[in-house]
>>> print(open('run_12.csv').read())   # CSV, C-alpha atoms
chain,number,residue,atom,x,y,z
U,6,MET,CA,0.0,0.0,0.0
U,7,PRO,CA,1.7,3.3,-1.1
U,8,LEU,CA,2.5,5.8,1.6
U,9,SER,CA,0.7,9.2,1.6
U,10,LYS,CA,2.9,12.2,1.6
U,11,ARG,CA,1.9,13.1,5.1
U,12,ARG,CA,2.6,9.6,6.4
U,13,PHE,CA,5.9,9.5,4.5
U,14,LEU,CA,7.0,12.7,6.1
U,15,GLY,CA,6.0,11.6,9.5
U,16,LEU,CA,7.8,8.3,9.1
U,17,ALA,CA,10.9,10.1,7.8
U,18,ALA,CA,10.9,12.4,10.9
U,19,ALA,CA,10.5,9.4,13.2
U,20,LEU,CA,13.3,7.4,11.6
U,21,ALA,CA,15.5,10.5,11.7
U,22,ALA,CA,14.9,10.9,15.4
U,23,LEU,CA,15.6,7.2,15.9
U,24,ALA,CA,18.8,7.5,14.1
U,25,ALA,CA,19.9,10.4,16.3
U,26,PHE,CA,19.3,8.4,19.4
U,27,SER,CA,20.4,5.0,18.1
U,28,GLY,CA,23.8,5.2,19.6
U,29,ALA,CA,22.4,6.1,23.0
U,30,VAL,CA,22.5,3.4,25.7
U,31,PRO,CA,19.9,3.3,28.4
U,32,PRO,CA,21.5,4.4,31.7
U,33,ALA,CA,22.7,1.6,34.0
U,34,ARG,CA,20.4,0.7,36.8
U,35,ALA,CA,20.7,-1.3,39.9
U,36,GLN,CA,19.5,-4.9,39.3
U,37,ALA,CA,16.9,-4.5,42.0
U,38,GLY,CA,15.4,-1.4,40.3
U,39,PRO,CA,12.1,-1.7,38.4
U,40,ILE,CA,12.1,-2.7,34.7
U,41,LYS,CA,11.2,0.3,32.6
U,42,VAL,CA,8.5,-0.8,30.3
U,43,VAL,CA,6.9,1.3,27.5
U,44,ALA,CA,3.6,-0.1,26.1
U,45,THR,CA,1.7,1.3,23.2
U,46,THR,CA,-1.9,0.7,24.4
U,47,GLY,CA,-3.5,0.8,27.8
U,48,MET,CA,-4.5,-2.8,27.5
U,49,ILE,CA,-0.9,-3.9,27.1
U,50,ALA,CA,0.2,-1.6,29.8
U,51,ASP,CA,-2.3,-3.1,32.2
U,52,ALA,CA,-1.1,-6.6,31.4
U,53,ALA,CA,2.5,-5.5,32.1
U,54,ARG,CA,1.4,-4.0,35.5
U,55,GLN,CA,-0.6,-7.1,36.4
U,56,VAL,CA,2.3,-9.5,35.6
U,57,GLY,CA,5.2,-7.3,36.6
U,58,GLY,CA,3.8,-6.0,39.9
U,59,ASP,CA,6.3,-3.9,41.9
U,60,LEU,CA,9.1,-5.0,39.6
U,61,VAL,CA,8.0,-2.9,36.7
U,62,GLU,CA,7.5,0.8,35.9
U,63,VAL,CA,5.1,1.1,33.0
U,64,LYS,CA,4.4,3.9,30.7
U,65,ALA,CA,1.5,3.7,28.2
U,66,LEU,CA,1.9,5.9,25.0
U,67,MET,CA,-1.9,5.9,24.2
U,68,GLY,CA,-4.3,7.0,26.9
U,69,PRO,CA,-8.1,6.9,27.2
U,70,GLY,CA,-10.0,7.8,24.1
U,71,VAL,CA,-6.9,7.5,21.8
U,72,ASP,CA,-7.3,5.7,18.5
U,73,PRO,CA,-4.3,3.4,17.9
U,74,HIS,CA,-5.1,2.9,14.2
U,75,SER,CA,-4.1,6.5,13.5
U,76,TYR,CA,-1.7,7.2,16.3
U,77,ARG,CA,1.8,8.5,15.3
U,78,GLN,CA,4.7,8.4,17.7
U,79,THR,CA,6.0,11.7,19.0
U,80,ARG,CA,9.6,12.7,19.7
U,81,THR,CA,8.8,12.3,23.4
U,82,ASP,CA,7.5,8.7,22.7
U,83,ILE,CA,10.7,7.9,20.8
U,84,VAL,CA,12.9,9.1,23.7
U,85,ALA,CA,10.8,7.0,26.1
U,86,MET,CA,11.1,3.9,24.0
U,87,ILE,CA,14.8,4.2,23.5
U,88,ASN,CA,15.4,4.6,27.2
U,89,ALA,CA,13.2,1.7,28.1
U,90,ASP,CA,14.4,-1.7,29.1
U,91,LEU,CA,11.5,-3.2,27.2
U,92,VAL,CA,9.0,-2.0,24.6
U,93,LEU,CA,5.7,-3.8,24.2
U,94,TRP,CA,3.4,-3.2,21.3
U,95,HIS,CA,0.4,-5.0,19.9
U,96,GLY,CA,1.3,-5.7,16.3
U,97,LEU,CA,-1.1,-7.3,13.8
U,98,TYR,CA,-1.2,-3.8,12.1
U,99,LEU,CA,-3.1,-2.2,15.0
U,100,GLU,CA,-0.5,0.6,15.3
U,101,ALA,CA,-0.5,1.0,11.5
U,102,GLN,CA,1.2,4.4,11.5
U,103,MET,CA,4.0,3.1,13.8
U,104,GLU,CA,4.6,-0.3,12.2
U,105,ASP,CA,7.8,0.6,10.3
U,106,PHE,CA,9.2,2.5,13.2
U,107,MET,CA,8.6,-0.3,15.6
U,108,ARG,CA,10.2,-2.9,13.3
U,109,ASP,CA,13.3,-0.7,13.0
U,110,LEU,CA,13.5,-0.1,16.7
U,111,GLY,CA,13.3,-3.8,17.3
U,112,ARG,CA,16.7,-4.2,15.6
U,113,LYS,CA,18.2,-2.0,18.3
U,114,ARG,CA,16.2,-2.5,21.5
U,115,ALA,CA,14.1,-5.2,23.2
U,116,VAL,CA,10.8,-4.8,21.4
U,117,VAL,CA,8.0,-7.4,21.4
U,118,ALA,CA,4.8,-7.4,19.4
U,119,VAL,CA,2.7,-9.3,22.0
U,120,ALA,CA,-0.4,-10.1,20.0
U,121,GLU,CA,1.6,-11.7,17.3
U,122,ALA,CA,2.2,-14.6,19.7
U,123,LEU,CA,-1.4,-15.8,19.1
U,124,PRO,CA,-1.7,-18.9,17.0
U,125,LYS,CA,-2.7,-17.9,13.5
U,126,GLU,CA,-5.6,-20.3,13.4
U,127,LYS,CA,-7.2,-18.2,16.2
U,128,LEU,CA,-7.1,-15.0,14.3
U,129,GLN,CA,-9.7,-13.5,11.9
U,130,ALA,CA,-8.9,-12.1,8.5
U,131,HIS,CA,-8.7,-8.3,8.1
U,132,ASP,CA,-11.5,-6.9,6.0
U,133,ASP,CA,-9.5,-4.0,4.6
U,134,TYR,CA,-6.0,-5.4,4.0
U,135,ALA,CA,-5.0,-8.6,2.3
U,136,ASN,CA,-2.7,-11.0,4.2
U,137,LYS,CA,-3.3,-9.2,7.5
U,138,PHE,CA,-5.5,-10.1,10.6
U,139,ASP,CA,-8.1,-8.3,12.6
U,140,PRO,CA,-6.1,-6.9,15.5
U,141,HIS,CA,-8.9,-6.5,18.1
U,142,VAL,CA,-8.1,-9.7,20.0
U,143,TRP,CA,-8.6,-8.1,23.4
U,144,MET,CA,-12.4,-8.3,22.9
U,145,ASN,CA,-12.2,-12.0,23.9
U,146,PRO,CA,-10.6,-12.6,27.3
U,147,ASP,CA,-9.6,-16.2,26.3
U,148,LEU,CA,-7.6,-14.8,23.4
U,149,TRP,CA,-6.1,-12.0,25.5
U,150,SER,CA,-4.7,-14.7,27.8
U,151,HIS,CA,-2.2,-15.4,25.0
U,152,VAL,CA,-1.1,-11.8,25.2
U,153,VAL,CA,-0.7,-12.0,28.9
U,154,ILE,CA,1.6,-15.0,28.5
U,155,ALA,CA,3.6,-13.2,25.9
U,156,VAL,CA,4.0,-10.2,28.3
U,157,ARG,CA,5.1,-12.7,31.0
U,158,ASP,CA,7.7,-14.2,28.8
U,159,ALA,CA,9.1,-10.8,27.7
U,160,LEU,CA,9.5,-9.8,31.3
U,161,ILE,CA,11.2,-13.0,32.2
U,162,ALA,CA,13.6,-12.4,29.3
U,163,ALA,CA,14.3,-8.9,30.7
U,164,ARG,CA,14.8,-10.2,34.2
U,165,PRO,CA,15.4,-14.0,34.4
U,166,GLU,CA,16.0,-14.0,38.2
U,167,ALA,CA,12.4,-12.8,38.7
U,168,LYS,CA,10.8,-15.7,36.7
U,169,ALA,CA,9.0,-17.2,39.7
U,170,THR,CA,7.3,-13.9,40.5
U,171,PHE,CA,6.3,-13.2,37.0
U,172,GLU,CA,4.9,-16.7,36.6
U,173,ALA,CA,2.9,-16.4,39.8
U,174,ASN,CA,1.5,-13.0,38.9
U,175,ALA,CA,0.6,-14.1,35.4
U,176,GLU,CA,-1.2,-17.2,36.8
U,177,ALA,CA,-3.3,-15.1,39.1
U,178,HIS,CA,-4.2,-12.7,36.3
U,179,LEU,CA,-5.1,-15.6,34.0
U,180,LYS,CA,-7.6,-16.8,36.7
U,181,ASP,CA,-9.2,-13.3,36.6
U,182,LEU,CA,-9.5,-13.5,32.8
U,183,ALA,CA,-11.2,-16.9,33.1
U,184,GLU,CA,-13.7,-15.4,35.6
U,185,LEU,CA,-14.3,-12.5,33.2
U,186,ALA,CA,-14.9,-14.8,30.3
U,187,ALA,CA,-17.4,-16.8,32.3
U,188,TYR,CA,-19.2,-13.7,33.4
U,189,ALA,CA,-19.4,-12.3,29.9
U,190,LYS,CA,-20.7,-15.6,28.6
U,191,LYS,CA,-23.4,-15.8,31.2
U,192,VAL,CA,-24.8,-12.3,30.9
U,193,LEU,CA,-24.6,-12.2,27.1
U,194,ALA,CA,-26.4,-15.5,26.9
U,195,SER,CA,-29.3,-13.9,28.7
U,196,VAL,CA,-29.9,-11.6,25.7
U,197,PRO,CA,-32.8,-12.9,23.6
U,198,ALA,CA,-31.5,-14.7,20.5
U,199,GLU,CA,-33.3,-12.3,18.1
U,200,SER,CA,-31.7,-9.3,19.8
U,201,ARG,CA,-28.1,-10.4,19.5
U,202,VAL,CA,-27.1,-7.7,17.0
U,203,LEU,CA,-24.2,-5.4,18.0
U,204,LEU,CA,-23.9,-2.3,15.8
U,205,THR,CA,-21.0,0.1,16.5
U,206,ALA,CA,-19.0,2.7,14.7
U,207,HIS,CA,-16.3,0.3,13.4
U,208,ASP,CA,-15.6,-3.4,13.3
U,209,ALA,CA,-13.8,-3.7,16.6
U,210,PHE,CA,-16.0,-6.4,18.0
U,211,ASN,CA,-15.7,-9.4,15.7
U,212,TYR,CA,-13.8,-11.5,18.2
U,213,PHE,CA,-16.5,-10.6,20.8
U,214,GLY,CA,-19.2,-11.7,18.4
U,215,ALA,CA,-17.5,-15.0,17.6
U,216,ALA,CA,-17.0,-15.7,21.3
U,217,TYR,CA,-20.6,-14.9,22.5
U,218,GLY,CA,-22.8,-15.5,19.5
U,219,PHE,CA,-23.5,-12.0,18.4
U,220,GLU,CA,-23.9,-10.7,14.8
U,221,VAL,CA,-21.5,-7.7,14.7
U,222,LEU,CA,-21.9,-4.8,12.3
U,223,GLY,CA,-19.6,-1.8,12.0
U,224,ILE,CA,-20.4,1.4,10.0
U,225,GLN,CA,-16.7,1.6,9.2
U,226,GLY,CA,-14.3,-1.3,8.6
U,227,ILE,CA,-11.8,-2.8,11.0
U,228,SER,CA,-9.6,0.3,10.8
U,229,THR,CA,-11.0,3.7,11.7
U,230,GLU,CA,-9.1,5.0,8.7
U,231,SER,CA,-11.8,3.7,6.4
U,232,GLU,CA,-14.8,5.9,5.5
U,233,ALA,CA,-18.5,5.2,5.8
U,234,GLY,CA,-20.5,6.2,2.7
U,235,LEU,CA,-24.1,7.3,2.5
U,236,SER,CA,-25.1,4.0,0.9
U,237,ARG,CA,-23.7,2.1,4.0
U,238,ILE,CA,-25.6,4.4,6.4
U,239,SER,CA,-28.8,3.8,4.3
U,240,GLU,CA,-28.3,0.0,4.2
U,241,LEU,CA,-27.9,-0.1,8.0
U,242,VAL,CA,-31.0,2.0,8.6
U,243,ASP,CA,-32.9,-0.4,6.5
U,244,MET,CA,-31.6,-3.3,8.6
U,245,LEU,CA,-32.4,-1.5,11.9
U,246,VAL,CA,-36.0,-0.9,10.8
U,247,SER,CA,-36.7,-4.3,9.2
U,248,ARG,CA,-35.2,-6.3,12.1
U,249,LYS,CA,-36.5,-4.0,14.8
U,250,VAL,CA,-33.1,-3.6,16.4
U,251,ARG,CA,-33.6,-1.7,19.7
U,252,ALA,CA,-30.1,-0.3,20.4
U,253,VAL,CA,-26.8,0.8,18.8
U,254,PHE,CA,-23.6,1.7,20.6
U,255,VAL,CA,-21.0,4.5,20.4
U,256,GLU,CA,-17.3,4.1,21.2
U,257,THR,CA,-15.0,6.1,23.4
U,258,SER,CA,-12.3,6.4,20.8
U,259,VAL,CA,-14.4,6.9,17.6
U,260,SER,CA,-16.7,9.9,16.7
U,261,ASP,CA,-20.4,9.2,17.3
U,262,ARG,CA,-21.4,11.2,14.2
U,263,ASN,CA,-22.3,8.1,12.1
U,264,ILE,CA,-24.1,6.3,15.0
U,265,ARG,CA,-26.3,9.5,15.5
U,266,ALA,CA,-27.1,9.5,11.8
U,267,LEU,CA,-28.4,5.9,12.1
U,268,VAL,CA,-30.6,6.8,15.1
U,269,GLU,CA,-32.0,9.8,13.2
U,270,GLY,CA,-32.5,7.8,10.0
U,271,ALA,CA,-34.4,5.0,11.8
U,272,ALA,CA,-36.6,7.6,13.6
U,273,ALA,CA,-37.5,9.2,10.2
U,274,ARG,CA,-38.8,5.7,9.3
U,275,GLY,CA,-40.9,5.4,12.4
U,276,HIS,CA,-38.6,3.1,14.3
U,277,LYS,CA,-37.1,4.1,17.6
U,278,VAL,CA,-33.5,3.1,18.2
U,279,ILE,CA,-31.7,4.2,21.4
U,280,VAL,CA,-28.0,4.6,22.0
U,281,GLY,CA,-27.4,1.7,24.3
U,282,GLY,CA,-24.3,3.1,25.9
U,283,GLU,CA,-20.7,4.0,25.2
U,284,LEU,CA,-18.3,1.0,24.7
U,285,PHE,CA,-14.6,0.8,25.1
U,286,SER,CA,-13.2,-0.4,21.8
U,287,ASP,CA,-9.6,0.6,21.1
U,288,ALA,CA,-8.8,2.2,24.4
U,289,MET,CA,-9.8,1.6,28.1
U,290,GLY,CA,-11.4,4.0,30.6
U,291,GLU,CA,-9.9,6.8,32.6
U,292,ASN,CA,-6.7,6.1,34.5
U,293,GLY,CA,-7.2,5.2,38.1
U,294,THR,CA,-10.7,3.8,37.6
U,295,TYR,CA,-11.9,0.2,37.4
U,296,GLU,CA,-12.9,0.8,33.8
U,297,GLY,CA,-9.3,1.9,33.2
U,298,THR,CA,-8.2,-1.7,33.7
U,299,TYR,CA,-8.6,-4.5,31.2
U,300,LEU,CA,-11.0,-6.4,33.5
U,301,GLY,CA,-13.1,-3.2,34.0
U,302,MET,CA,-13.1,-2.5,30.3
U,303,ILE,CA,-14.5,-5.8,29.2
U,304,ASP,CA,-16.8,-6.0,32.3
U,305,HIS,CA,-18.3,-2.7,31.3
U,306,ASN,CA,-18.7,-3.7,27.6
U,307,ALA,CA,-20.4,-7.0,28.4
U,308,THR,CA,-22.7,-5.5,31.0
U,309,THR,CA,-23.6,-2.5,28.9
U,310,ILE,CA,-24.4,-4.6,25.8
U,311,ALA,CA,-26.4,-7.2,27.6
U,312,ARG,CA,-28.4,-4.6,29.5
U,313,ALA,CA,-29.3,-2.5,26.4
U,314,LEU,CA,-30.3,-5.5,24.4
U,315,GLY,CA,-32.6,-7.0,27.0
U,316,GLY,CA,-30.3,-9.3,29.0
U,317,ASP,CA,-30.2,-9.9,32.7
U,318,VAL,CA,-27.2,-8.2,34.4
U,319,PRO,CA,-26.0,-7.2,37.8
U,320,GLU,CA,-26.4,-3.5,38.3
U,321,ARG,CA,-22.7,-2.9,38.7
U,322,GLY,CA,-21.1,-5.7,36.8
U,323,MET,CA,-19.1,-8.8,37.6
U,324,ARG,CA,-17.7,-7.8,40.9
U,325,GLY,CA,-20.0,-4.8,41.7
U,326,ARG,CA,-17.2,-2.4,40.8
U,327,LEU,CA,-18.5,-0.7,37.7
U,328,SER,CA,-19.3,3.0,38.0
U,329,VAL,CA,-22.9,4.0,38.6
U,330,GLY,CA,-24.6,4.2,35.2
U,331,SER,CA,-21.7,2.3,33.5
>>> encode(input="run_12.csv", output="structure tokens")
Amino acid sequence: MPLSKRRFLGLAAALAALAAFSGAVPPARAQAGPIKVVATTGMIADAARQVGGDLVEVKALMGPGVDPHSYRQTRTDIVAMINADLVLWHGLYLEAQMEDFMRDLGRKRAVVAVAEALPKEKLQAHDDYANKFDPHVWMNPDLWSHVVIAVRDALIAARPEAKATFEANAEAHLKDLAELAAYAKKVLASVPAESRVLLTAHDAFNYFGAAYGFEVLGIQGISTESEAGLSRISELVDMLVSRKVRAVFVETSVSDRNIRALVEGAAARGHKVIVGGELFSDAMGENGTYEGTYLGMIDHNATTIARALGGDVPERGMRGRLSVGS
């Protein structure tokens, strides 16, 4: 796929900055000091904190509401990654604008694309790009467990003497993920079969749909870089009306403009569709909140979807920790 002029110039600047710093060596640290980890997404940063515990110091490049598909590394990001002991990124073309930079950085520093550890047979094809995969694997906690294991192994490689600690922390977190998967399966199974249609701004929920038996529809494709045309909006309005779909969902990291157009289009046809809630798709909730953790992110999504589509859910989610109104 040819580079746009803007993307080419951005990549050139990033590579120039990398070249300027490539001879720099991270400062020596006492062996007992924390491992400095830089993660691209909040989901990966959370996994590193869960597995690393007190032995890691983690910085996430992309915060709440940030779209990883279009994110470009800043000079500050470059400095942070070069001075890190370990850089963790997702891969699978999620960080599309950073791909070439991360591959180049990996020849000079400890850099791991953690989602690329998943077995290929568990991945779904990418709708927009040939020979690539849908990167949104965090939508299924069972798949995300492979990423947690990859994070564990990367931390062990960075500090072999702490292997037992990382293994124990990872095992505890994997049990949390199993509980989360069981909760999501239970509440989503309570949604009437005819109502299991999940319509969002872009196709971030295909792994979710496959895991829990939902038909998933996105106005845009897997990448938020794709555009939704008027014909696509009209087609989806027809579907909402004919199938009497009761709710659609907005996303925290994607504009709600197209979703609002669907609601208005259905109303003009005499069918009321509500916005069932705001889902976390490509980024987690606010830092320091339960929804700002991976467990809270998926708990919120499963609870919100099931409630809006007629399922039976606890008021505040799996462990009673969701924010009021979440």
>>> closest_residue(input="run_12.csv", among="U:Leu123, U:Ala85, U:Ala252, U:Ala44", to="Glu100 in chain U", atoms="all atoms listed in the file")
U:Ala44
>>> residues_around(input="run_12.csv", residues="Ala65 in chain U", least_positions_apart="3", cutoff="10 Å", atoms="all atoms listed in the file", output="list in words")
Val42, Val43, Ala44, Thr45, Thr46, Gly47, Met48, Ile49, Ala50, Asp51, Gly68, Asp82, Leu93 and Trp94 of chain U
>>> closest_residue(input="run_12.csv", among="U:Asp317, U:Glu184, U:Asp90, U:Asp139", to="Asp304 in chain U", atoms="only C-alpha atoms")
U:Glu184
>>> residues_around(input="run_12.csv", residues="Thr294 in chain U", least_positions_apart="2", cutoff="12 Å", atoms="all atoms listed in the file", output="list of chain:residue names")
U:Pro69, U:Met289, U:Gly290, U:Glu291, U:Asn292, U:Glu296, U:Gly297, U:Thr298, U:Tyr299, U:Leu300, U:Gly301, U:Met302, U:His305, U:Arg326, U:Leu327, U:Ser328, U:Ser331
>>> closest_residue(input="run_12.csv", among="U:Ile224, U:Val61, U:Ala115, U:Leu284", to="Arg262 in chain U", atoms="only C-alpha atoms")
U:Ile224
>>> residues_around(input="run_12.csv", residues="Glu121 in chain U", least_positions_apart="6", cutoff="10 Å", atoms="all atoms listed in the file", output="ChimeraX atom specification")
/U:94-98,128,138,140,151-152,155
>>> residues_around(input="run_12.csv", residues="Leu182 in chain U", least_positions_apart="4", cutoff="10 Å", atoms="only C-alpha atoms", output="ChimeraX atom specification")
/U:145-150,153,176-178,186-188,299-300,303
>>> atom_distance(input="run_12.csv", atom1="CA of Ser258 in chain U", atom2="CA of Gly111 in chain U")
27.8 Å
>>> atom_distance(input="run_12.csv", atom1="CA of Lys249 in chain U", atom2="CA of Leu222 in chain U")
14.8 Å
>>> closest_residue(input="run_12.csv", among="U:Asn211, U:Arg237, U:Val119, U:Leu204", to="Val278 in chain U", atoms="all atoms listed in the file")
U:Leu204
>>> atom_distance(input="run_12.csv", atom1="CA of Asp181 in chain U", atom2="CA of Arg312 in chain U")
22.2 Å
>>> closest_residue(input="run_12.csv", among="U:Val329, U:Leu60, U:Thr79, U:Asp109", to="Glu166 in chain U", atoms="all atoms listed in the file")
U:Leu60
>>> residues_around(input="run_12.csv", residues="Val246 in chain U", least_positions_apart="6", cutoff="9 Å", atoms="only C-alpha atoms", output="list in words")
Ala271, Ala272, Arg274, Gly275, His276, Lys277 and Val278 of chain U
>>> write_last_selection(input="run_12.csv", atoms="C-alpha atoms", output="mmCIF file, keeping the file's coordinate frame")
data_model
loop_
_atom_site.group_PDB
_atom_site.id
_atom_site.type_symbol
_atom_site.label_atom_id
_atom_site.label_comp_id
_atom_site.auth_asym_id
_atom_site.auth_seq_id
_atom_site.Cartn_x
_atom_site.Cartn_y
_atom_site.Cartn_z
ATOM 1 C CA ALA U 271 -34.400 5.000 11.800
ATOM 2 C CA ALA U 272 -36.600 7.600 13.600
ATOM 3 C CA ARG U 274 -38.800 5.700 9.300
ATOM 4 C CA GLY U 275 -40.900 5.400 12.400
ATOM 5 C CA HIS U 276 -38.600 3.100 14.300
ATOM 6 C CA LYS U 277 -37.100 4.100 17.600
ATOM 7 C CA VAL U 278 -33.500 3.100 18.200
#
>>> residues_near_point(input="run_12.csv", point="(-23.0, 2.0, 21.3)", cutoff="10 Å", atoms="all atoms listed in the file", output="list in words")
Leu203, Leu204, Thr205, Ala206, Ala252, Val253, Phe254, Val255, Glu256, Thr257, Asp261, Ile264, Ile279, Val280, Gly281, Gly282, Glu283, Leu284, Phe285, Asn306, Thr309, Ile310 and Ala313 of chain U
>>> closest_residue(input="run_12.csv", among="U:Ile154, U:Val63, U:Ala288, U:Val71", to="Ala120 in chain U", atoms="only C-alpha atoms")
U:Ile154
>>> build_atoms(input="run_12.csv", residues="range 269-286 of chain U", atoms="N, CA and C atoms", output="short mmCIF file (atom, residue, chain, number, x, y, z; two decimals), in the frame of the given file")
data_model
loop_
_atom_site.label_atom_id
_atom_site.label_comp_id
_atom_site.auth_asym_id
_atom_site.auth_seq_id
_atom_site.Cartn_x
_atom_site.Cartn_y
_atom_site.Cartn_z
N GLU U 269 -31.15 8.82 13.84
CA GLU U 269 -32.00 9.80 13.20
C GLU U 269 -32.71 9.19 11.96
N GLY U 270 -31.95 8.39 11.21
CA GLY U 270 -32.50 7.80 10.00
C GLY U 270 -33.61 6.78 10.36
N ALA U 271 -33.41 5.98 11.42
CA ALA U 271 -34.40 5.00 11.80
C ALA U 271 -35.68 5.77 12.35
N ALA U 272 -35.47 6.86 13.10
CA ALA U 272 -36.60 7.60 13.60
C ALA U 272 -37.44 8.21 12.48
N ALA U 273 -36.77 8.63 11.40
CA ALA U 273 -37.50 9.20 10.20
C ALA U 273 -38.35 8.10 9.57
N ARG U 274 -38.01 6.83 9.82
CA ARG U 274 -38.80 5.70 9.30
C ARG U 274 -39.78 5.16 10.27
N GLY U 275 -39.92 5.84 11.41
CA GLY U 275 -40.90 5.40 12.40
C GLY U 275 -40.43 4.35 13.37
N HIS U 276 -39.11 4.10 13.42
CA HIS U 276 -38.60 3.10 14.30
C HIS U 276 -37.63 3.73 15.33
N LYS U 277 -37.91 3.55 16.61
CA LYS U 277 -37.10 4.10 17.60
C LYS U 277 -35.90 3.24 17.97
N VAL U 278 -34.71 3.79 17.85
CA VAL U 278 -33.50 3.10 18.20
C VAL U 278 -32.78 3.99 19.25
N ILE U 279 -32.38 3.40 20.37
CA ILE U 279 -31.70 4.20 21.40
C ILE U 279 -30.16 3.93 21.26
N VAL U 280 -29.38 4.85 21.80
CA VAL U 280 -28.00 4.60 22.00
C VAL U 280 -27.82 3.82 23.28
N GLY U 281 -27.45 2.57 23.16
CA GLY U 281 -27.40 1.70 24.30
C GLY U 281 -26.34 1.92 25.31
N GLY U 282 -25.39 2.76 24.95
CA GLY U 282 -24.30 3.10 25.90
C GLY U 282 -23.02 3.31 25.07
N GLU U 283 -22.00 3.69 25.81
CA GLU U 283 -20.70 4.00 25.20
C GLU U 283 -19.77 2.78 25.55
N LEU U 284 -19.17 2.19 24.52
CA LEU U 284 -18.30 1.00 24.70
C LEU U 284 -16.84 1.42 24.57
N PHE U 285 -16.00 0.67 25.27
CA PHE U 285 -14.60 0.80 25.10
C PHE U 285 -14.13 -0.12 23.99
N SER U 286 -13.63 0.45 22.89
CA SER U 286 -13.20 -0.40 21.80
C SER U 286 -11.71 -0.48 21.65
#
